[in-house]
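As structure tokens, the structure follows; a few thoughts come after it.
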Amino acid sequence: MLILGIETSCDETAAAVLKGGRELLSDIIYSQVAIHRPYGGVVPELASRNHLDKIVPVVEEALNRAGIGFKDLDGLAVTRGPGLVGALLIGLSFAKAVSAACRIPLVGVNHLEGHICSIFLEQDVPFPFLSLTVSGGHTSLYLVREIGSYQLLGQTRDDAAGEAFDKVAKLLQLGYPGGGIIEDLARQGRPSIPFPRAIPSRATLDFSFSGLKTAVVNYVKKFPESGNGSGALPVADIACSFQEAVVDMLIRKVKLARQETNVPRLALSGGVVSNGYLRERFQALAEEEDLELYIPDRRYCTDNAAMIAWLGRHYLERGCRDDLELDALSRWPVGRK
């Protein structure tokens, strides 16, 4: 099957053409980072307007690089949710228009399920496996029994891990997005500041990052001048200590989930998984715990249309179709139709 995937859930306009299960003929991503950087975060109205400007040229480039036209497609897969409704509606409306005009089967898929399944673009993972999704909007831990069958084991009760990175970077006046900036700065620092590792309860597998963020705020307040390395503020040490605390919390919950489920396989996904320190720590964990670890290439960690195309192909091959009444969902739990 030749599948066109479209992704517009947040601030990336993306389109990809997938042939079969893993032959990616094109993978186009237009990022809006430069647009949102002055505001220190994604502005929904600006995101929607920019998707409207870019959706046609991005899809055209994806088709041109693949050397095909709409008439050659066997199916369309588009992100239905969760995400920013205005942003989702741009991709969804475009996909429905193409589906109606060219009579191409359409399926709307879950953005988070796409992240969970992104590993299948490169390799097979035996079922069942644990899946940790860490991004700017989500931090969730699932037991994956098969595609379409997911048990939510734990999720963040407040900030997502990626959101915490952005907020700490903004506090330190480092710029946006904060993940890559903090990772680079952390290499120059030492994990010398004892920031807390918030564990809501050992009885749950939920995460919490707001306490850690508040601890960073309180630490910065001790200095008369703060931000961007001014005064005596040890910015590199703060970045290093904060990053270590986040990864420690993720690893603790994964270890607990491994004990509770006795599942020896773990797949990582989401934009924060691009972080090199996080990848190193989880590779060390895999060796210590005799855990089979699966980590996607960095290009499949951030929001992309390739994962949407792969998931859409899976459902289209099983006869799943959506009609033109399909609507966007700002919230859509994985595994629910």
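In the structure tokens, chains take letters A, B, ... by order of appearance, with residues numbered from 1 within each chain and ligands from 1 in the order shown.
Summary of the local environment: counting only C-alpha atoms, residues at most 9 Å from Ala328 (chain A), other than itself and those fewer than 4 positions away along its chain, are Thr79, Arg80, Gly81, Pro82, Gly83, Leu84, Val85, Gly86, Leu88, Leu89, Leu92 and Gly108 of chain A.
By only C-alpha atoms, and with residues fewer than 6 positions from Asp158 (chain A) along its chain excluded, the set lying at most 7 Å from it is A:Ser208, A:Phe209, A:Ser210.
Non-sequential neighbours of Ile3 (chain A) (distance at most 8 Å, separation of 2 or more positions within a chain, only C-alpha atoms) are Met1, Gly5, Val17, Leu18, Lys19, Leu73, Asp74, Gly75, Leu76, Ala77, Ala309, Trp310, Gly312 and Arg313 of chain A.
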Next on the checklist: Need to verify the contact set: Gln188 (chain A), 9 Å, only C-alpha atoms, exclusion of same-chain residues closer than 6 positions in sequence. Can you return it as a count of residues only?
Outcome noted: 3
Next on the checklist: Please report the interatomic distance between CA of Gly276 (chain A) and CA of Arg187 (chain A) in Å with one decimal.
Outcome noted: 10.4 Å
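Once region 139-149 of chain A and its same-chain neighbours fewer than 4 positions away are set aside, Phe127, Pro128, Phe129, Leu130, Ser131, Leu132, Thr133, Val134, Ser135, Leu153, Gly154, Gln155, Thr156, Ala160, Ala161 and Gly335 of chain A remain within 7 Å of it when counting only C-alpha atoms.
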Grab the residues selected above and save them as a PDB file, in the first residue's frame with C-alpha atoms.
ATOM      1  CA  PHE A 127       4.477  -8.225  22.244  1.00  0.00           C
ATOM      2  CA  PRO A 128       3.841  -7.425  25.006  1.00  0.00           C
ATOM      3  CA  PHE A 129       6.150  -4.505  25.723  1.00  0.00           C
ATOM      4  CA  LEU A 130       6.276  -1.426  27.911  1.00  0.00           C
ATOM      5  CA  SER A 131       6.112   1.926  26.129  1.00  0.00           C
ATOM      6  CA  LEU A 132       7.330   5.181  27.656  1.00  0.00           C
ATOM      7  CA  THR A 133       6.227   8.265  25.711  1.00  0.00           C
ATOM      8  CA  VAL A 134       7.994  11.468  26.769  1.00  0.00           C
ATOM      9  CA  SER A 135       7.205  14.696  24.935  1.00  0.00           C
ATOM     10  CA  LEU A 153       0.008   2.275  33.639  1.00  0.00           C
ATOM     11  CA  GLY A 154       0.935   5.833  34.605  1.00  0.00           C
ATOM     12  CA  GLN A 155       0.991   9.408  33.371  1.00  0.00           C
ATOM     13  CA  THR A 156       2.029  12.835  34.566  1.00  0.00           C
ATOM     14  CA  ALA A 160       4.877  16.832  30.998  1.00  0.00           C
ATOM     15  CA  ALA A 161       8.642  16.269  31.041  1.00  0.00           C
ATOM     16  CA  GLY A 335      -6.952   2.775  22.712  1.00  0.00           C
TER      17      GLY A 335
END
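Restricting the calculation to only C-alpha atoms, the smallest distance between Val273 (chain A) and any of A:Arg321, A:Arg65, A:Lys222, A:His115 is found for A:His115.
The residue that comes closest to Ser118 (chain A), out of A:Glu317, A:Asp11, A:Asp303, A:Asp323 and on the basis of only C-alpha atoms, is A:Asp303.
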Checklist entry - region 104-166 of chain A: which residues are strand (DSSP E or B) by DSSP, as a ChimeraX atom specification? => result /A:106-110,129-134,139-146,149-156
Just C-alpha atoms for this one: save the residues we selected as a PDB file, in the first residue's frame.
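Just written: part.pdb:
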ATOM      1  CA  LEU A 106      -9.301   7.824   4.898  1.00  0.00           C
ATOM      2  CA  VAL A 107      -8.504   6.940   8.492  1.00  0.00           C
ATOM      3  CA  GLY A 108      -7.948   9.289  11.434  1.00  0.00           C
ATOM      4  CA  VAL A 109      -5.362   8.092  13.936  1.00  0.00           C
ATOM      5  CA  ASN A 110      -4.254   8.914  17.447  1.00  0.00           C
ATOM      6  CA  PHE A 129       6.150  -4.505  25.723  1.00  0.00           C
ATOM      7  CA  LEU A 130       6.276  -1.426  27.911  1.00  0.00           C
ATOM      8  CA  SER A 131       6.112   1.926  26.129  1.00  0.00           C
ATOM      9  CA  LEU A 132       7.330   5.181  27.656  1.00  0.00           C
ATOM     10  CA  THR A 133       6.227   8.265  25.711  1.00  0.00           C
ATOM     11  CA  VAL A 134       7.994  11.468  26.769  1.00  0.00           C
ATOM     12  CA  THR A 139       4.584  11.719  29.760  1.00  0.00           C
ATOM     13  CA  SER A 140       2.866   8.343  29.771  1.00  0.00           C
ATOM     14  CA  LEU A 141       3.723   4.707  30.459  1.00  0.00           C
ATOM     15  CA  TYR A 142       1.764   1.953  28.700  1.00  0.00           C
ATOM     16  CA  LEU A 143       1.624  -1.810  28.549  1.00  0.00           C
ATOM     17  CA  VAL A 144       1.232  -2.650  24.854  1.00  0.00           C
ATOM     18  CA  ARG A 145      -0.320  -6.078  24.283  1.00  0.00           C
ATOM     19  CA  GLU A 146      -0.781  -5.572  20.535  1.00  0.00           C
ATOM     20  CA  SER A 149      -4.581  -2.820  22.821  1.00  0.00           C
ATOM     21  CA  TYR A 150      -2.982  -0.523  25.385  1.00  0.00           C
ATOM     22  CA  GLN A 151      -3.133  -0.351  29.170  1.00  0.00           C
ATOM     23  CA  LEU A 152      -2.234   3.023  30.660  1.00  0.00           C
ATOM     24  CA  LEU A 153       0.008   2.275  33.639  1.00  0.00           C
ATOM     25  CA  GLY A 154       0.935   5.833  34.605  1.00  0.00           C
ATOM     26  CA  GLN A 155       0.991   9.408  33.371  1.00  0.00           C
ATOM     27  CA  THR A 156       2.029  12.835  34.566  1.00  0.00           C
TER      28      THR A 156
END
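Straight-line separation from CA of Ala95 (chain A) to CA of Ile6 (chain A): 7.6 Å.
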Give me, as a PDB file with C-alpha atoms, in the first residue's frame, all polymer residues having an atom no more than 7 Å from Gly179 (chain A), counting only C-alpha atoms and skipping those fewer than 5 positions away in the same chain.
ATOM      1  CA  GLY A 162       9.191  18.289  27.856  1.00  0.00           C
ATOM      2  CA  PHE A 165      12.331  21.494  30.174  1.00  0.00           C
ATOM      3  CA  ASP A 166      10.793  24.471  28.359  1.00  0.00           C
TER       4      ASP A 166
END
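Pairwise distance (CA of Lys213 (chain A), CA of Ala164 (chain A)) equals 6.5 Å.
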Next on the checklist: Report as a ChimeraX atom specification all protein, DNA and RNA residues lying within 12 Å of Asp290 (chain A), evaluated on only C-alpha atoms, omitting residues in the same chain fewer than 2 positions from it.
Outcome noted: /A:255,258,262-266,282-288,292-293
Checklist entry - When DSSP works through the backbone of this structure, what residues of region 41-242 of chain A end up as helix (DSSP H, G or I), shown as number ranges by chain? => result A: 44-66, 70-72, 85-102, 111-121, 161-171, 178-186, 210-220, 235-242
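Proximity ranking of A:Lys54, A:Arg37, A:Arg281, A:Arg49 relative to Leu174 (chain A) places A:Arg37 first, based on only C-alpha atoms.
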